[in-house]
$ cat run.pdb   # PDB, C-alpha atoms
MODEL        1
ATOM      1  CA  MET A   1     158.832  40.350-147.257  1.00  0.00           C
ATOM      2  CA  GLU A   2     159.977  43.126-149.578  1.00  0.00           C
ATOM      3  CA  THR A   3     161.893  41.745-152.520  1.00  0.00           C
ATOM      4  CA  ASN A   4     163.483  45.134-153.290  1.00  0.00           C
ATOM      5  CA  LYS A   5     165.978  44.450-150.488  1.00  0.00           C
ATOM      6  CA  MET A   6     166.863  41.069-151.974  1.00  0.00           C
ATOM      7  CA  ILE A   7     168.556  39.684-155.057  1.00  0.00           C
ATOM      8  CA  LEU A   8     167.082  36.829-157.032  1.00  0.00           C
ATOM      9  CA  VAL A   9     169.533  33.925-156.753  1.00  0.00           C
ATOM     10  CA  GLU A  10     168.933  32.954-160.376  1.00  0.00           C
ATOM     11  CA  HIS A  11     169.966  36.437-161.568  1.00  0.00           C
ATOM     12  CA  PHE A  12     172.981  36.543-159.277  1.00  0.00           C
ATOM     13  CA  CYS A  13     174.205  33.166-160.514  1.00  0.00           C
ATOM     14  CA  SER A  14     173.785  34.044-164.182  1.00  0.00           C
ATOM     15  CA  ASN A  15     175.381  37.507-163.829  1.00  0.00           C
ATOM     16  CA  CYS A  16     178.349  36.230-161.816  1.00  0.00           C
ATOM     17  CA  ASP A  17     178.673  32.870-163.598  1.00  0.00           C
ATOM     18  CA  ILE A  18     178.280  30.965-160.315  1.00  0.00           C
ATOM     19  CA  ASN A  19     176.689  27.524-159.976  1.00  0.00           C
ATOM     20  CA  PHE A  20     173.427  27.513-158.053  1.00  0.00           C
ATOM     21  CA  SER A  21     174.618  24.404-156.213  1.00  0.00           C
ATOM     22  CA  PHE A  22     177.424  26.498-154.683  1.00  0.00           C
ATOM     23  CA  ILE A  23     174.886  29.015-153.343  1.00  0.00           C
ATOM     24  CA  GLU A  24     172.736  26.166-151.997  1.00  0.00           C
ATOM     25  CA  ALA A  25     175.769  24.611-150.278  1.00  0.00           C
ATOM     26  CA  LEU A  26     176.556  27.935-148.597  1.00  0.00           C
ATOM     27  CA  ASN A  27     172.946  28.093-147.447  1.00  0.00           C
ATOM     28  CA  ASP A  28     173.020  24.494-146.188  1.00  0.00           C
ATOM     29  CA  ASN A  29     176.153  25.265-144.151  1.00  0.00           C
ATOM     30  CA  GLY A  30     174.703  28.459-142.680  1.00  0.00           C
ATOM     31  CA  VAL A  31     177.118  30.839-144.383  1.00  0.00           C
ATOM     32  CA  ILE A  32     174.272  32.686-146.111  1.00  0.00           C
ATOM     33  CA  GLU A  33     170.504  32.448-145.916  1.00  0.00           C
ATOM     34  CA  ILE A  34     168.295  31.905-148.931  1.00  0.00           C
ATOM     35  CA  VAL A  35     164.837  33.431-148.563  1.00  0.00           C
ATOM     36  CA  VAL A  36     161.967  31.914-150.555  1.00  0.00           C
ATOM     37  CA  VAL A  37     159.189  34.269-151.676  1.00  0.00           C
ATOM     38  CA  GLU A  38     156.483  32.975-154.001  1.00  0.00           C
ATOM     39  CA  ASP A  39     158.611  29.968-155.018  1.00  0.00           C
ATOM     40  CA  LYS A  40     161.570  32.195-155.950  1.00  0.00           C
ATOM     41  CA  LYS A  41     164.855  32.097-154.049  1.00  0.00           C
ATOM     42  CA  TYR A  42     166.476  35.333-152.922  1.00  0.00           C
ATOM     43  CA  ILE A  43     169.577  36.505-151.063  1.00  0.00           C
ATOM     44  CA  LEU A  44     169.344  39.533-148.773  1.00  0.00           C
ATOM     45  CA  ASN A  45     171.376  42.530-149.965  1.00  0.00           C
ATOM     46  CA  GLU A  46     173.102  42.650-146.577  1.00  0.00           C
ATOM     47  CA  GLN A  47     174.581  39.200-147.260  1.00  0.00           C
ATOM     48  CA  LEU A  48     176.293  40.203-150.505  1.00  0.00           C
ATOM     49  CA  LYS A  49     179.628  40.962-148.818  1.00  0.00           C
ATOM     50  CA  THR A  50     179.620  37.516-147.189  1.00  0.00           C
ATOM     51  CA  LEU A  51     178.632  35.856-150.454  1.00  0.00           C
ATOM     52  CA  GLU A  52     181.285  37.684-152.481  1.00  0.00           C
ATOM     53  CA  ARG A  53     183.933  36.751-149.906  1.00  0.00           C
ATOM     54  CA  ALA A  54     182.830  33.099-150.066  1.00  0.00           C
ATOM     55  CA  ILE A  55     183.035  33.176-153.864  1.00  0.00           C
ATOM     56  CA  GLN A  56     186.585  34.525-153.690  1.00  0.00           C
ATOM     57  CA  PHE A  57     187.608  31.894-151.144  1.00  0.00           C
ATOM     58  CA  HIS A  58     186.162  29.093-153.246  1.00  0.00           C
ATOM     59  CA  TYR A  59     186.992  30.085-156.809  1.00  0.00           C
ATOM     60  CA  GLU A  60     190.259  31.990-156.308  1.00  0.00           C
ATOM     61  CA  LEU A  61     191.762  30.137-153.334  1.00  0.00           C
ATOM     62  CA  ASN A  62     190.151  26.712-153.900  1.00  0.00           C
ATOM     63  CA  ILE A  63     188.758  26.553-150.358  1.00  0.00           C
ATOM     64  CA  ASN A  64     185.939  24.032-149.980  1.00  0.00           C
ATOM     65  CA  ILE A  65     182.529  24.791-148.473  1.00  0.00           C
ATOM     66  CA  GLU A  66     183.476  23.438-145.050  1.00  0.00           C
ATOM     67  CA  GLY A  67     186.579  25.638-145.004  1.00  0.00           C
ATOM     68  CA  ILE A  68     184.496  28.652-145.984  1.00  0.00           C
ATOM     69  CA  ASP A  69     182.121  27.855-143.112  1.00  0.00           C
ATOM     70  CA  VAL A  70     185.030  27.731-140.638  1.00  0.00           C
ATOM     71  CA  ILE A  71     186.457  31.012-141.949  1.00  0.00           C
ATOM     72  CA  HIS A  72     182.995  32.609-141.794  1.00  0.00           C
ATOM     73  CA  ASN A  73     182.557  31.546-138.157  1.00  0.00           C
ATOM     74  CA  LEU A  74     186.041  32.768-137.205  1.00  0.00           C
ATOM     75  CA  LEU A  75     185.400  36.146-138.820  1.00  0.00           C
ATOM     76  CA  HIS A  76     182.170  36.434-136.808  1.00  0.00           C
ATOM     77  CA  GLN A  77     184.070  35.634-133.623  1.00  0.00           C
ATOM     78  CA  ILE A  78     186.638  38.310-134.455  1.00  0.00           C
ATOM     79  CA  ASP A  79     183.850  40.854-135.026  1.00  0.00           C
ATOM     80  CA  ASP A  80     182.252  39.924-131.693  1.00  0.00           C
ATOM     81  CA  LEU A  81     185.570  40.206-129.850  1.00  0.00           C
ATOM     82  CA  GLN A  82     186.302  43.571-131.451  1.00  0.00           C
ATOM     83  CA  GLU A  83     182.893  44.826-130.328  1.00  0.00           C
ATOM     84  CA  GLU A  84     183.548  43.581-126.778  1.00  0.00           C
ATOM     85  CA  LEU A  85     186.929  45.318-126.784  1.00  0.00           C
ATOM     86  CA  ARG A  86     185.351  48.543-128.020  1.00  0.00           C
ATOM     87  CA  ALA A  87     182.743  48.367-125.245  1.00  0.00           C
ATOM     88  CA  ALA A  88     185.429  47.695-122.615  1.00  0.00           C
ATOM     89  CA  LYS A  89     187.483  50.658-123.845  1.00  0.00           C
ATOM     90  CA  ASN A  90     184.417  52.893-123.641  1.00  0.00           C
ATOM     91  CA  LYS A  91     183.810  51.776-120.048  1.00  0.00           C
ATOM     92  CA  LEU A  92     187.431  52.525-119.181  1.00  0.00           C
ATOM     93  CA  LYS A  93     187.095  55.993-120.697  1.00  0.00           C
ATOM     94  CA  ALA A  94     184.041  56.568-118.507  1.00  0.00           C
ATOM     95  CA  PHE A  95     186.233  55.929-115.462  1.00  0.00           C
ATOM     96  CA  ASP A  96     189.025  58.038-116.985  1.00  0.00           C
ATOM     97  CA  VAL A  97     191.463  55.126-116.843  1.00  0.00           C
ATOM     98  CA  GLU A  98     194.414  55.035-119.224  1.00  0.00           C
ATOM     99  CA  GLU A  99     194.633  52.025-121.556  1.00  0.00           C
TER     100      GLU A  99
ENDMDL
END

$ encode --input "run.pdb" --output "structure tokens"
Amino acid sequence: METNKMILVEHFCSNCDINFSFIEALNDNGVIEIVVVEDKKYILNEQLKTLERAIQFHYELNINIEGIDVIHNLLHQIDDLQEELRAAKNKLKAFDVEE
């Protein structure tokens, strides 16, 4: 796997002053996925938004890991429902039906 599309967890933690155990807990709860390449742990670039949001929830709002997991799942459900709504609206437009 190409490591140029990933961030080394060690570097992220030191640059952002975040405990590695926090990142591991997010991984254990399925909020983010840690990828191991040649015994080094990485985070995919596409997961940075999720990780940054989790950091804000935890460090600024004092939300625990389980709460972050619940919020993460609810946000995914909202995204899925918005996509379904968009698809339904497109189908209605195909039939030229007013909303």

$ atom_distance --input "run.pdb" --atom1 "atom CA of Ile23 of chain A" --atom2 "atom CA of Leu81 of chain A"
28.1 Å

$ atom_distance --input "run.pdb" --atom1 "atom CA of Asn15 of chain A" --atom2 "atom CA of Glu60 of chain A"
17.6 Å

$ closest_residue --input "run.pdb" --among "A:Gln82, A:Asn90, A:Gln47, A:Asn64" --to "Val31 of chain A" --atoms "all atoms listed in the file"
A:Gln47

$ closest_residue --input "run.pdb" --among "A:Ile65, A:Ala87, A:Leu8, A:Val37" --to "Ser21 of chain A" --atoms "only C-alpha atoms"
A:Ile65

$ closest_residue --input "run.pdb" --among "A:Asp17, A:Glu24, A:Glu38, A:Glu33" --to "Thr50 of chain A" --atoms "all atoms listed in the file"
A:Glu33

$ resolve_selection --input "run.pdb" --expression "the PyMOL selection byres ((chain A and resi 43) around 7)" --output "JSON, numbers by chain"
{"A": [6, 7, 8, 9, 33, 34, 35, 42, 44, 45, 47]}
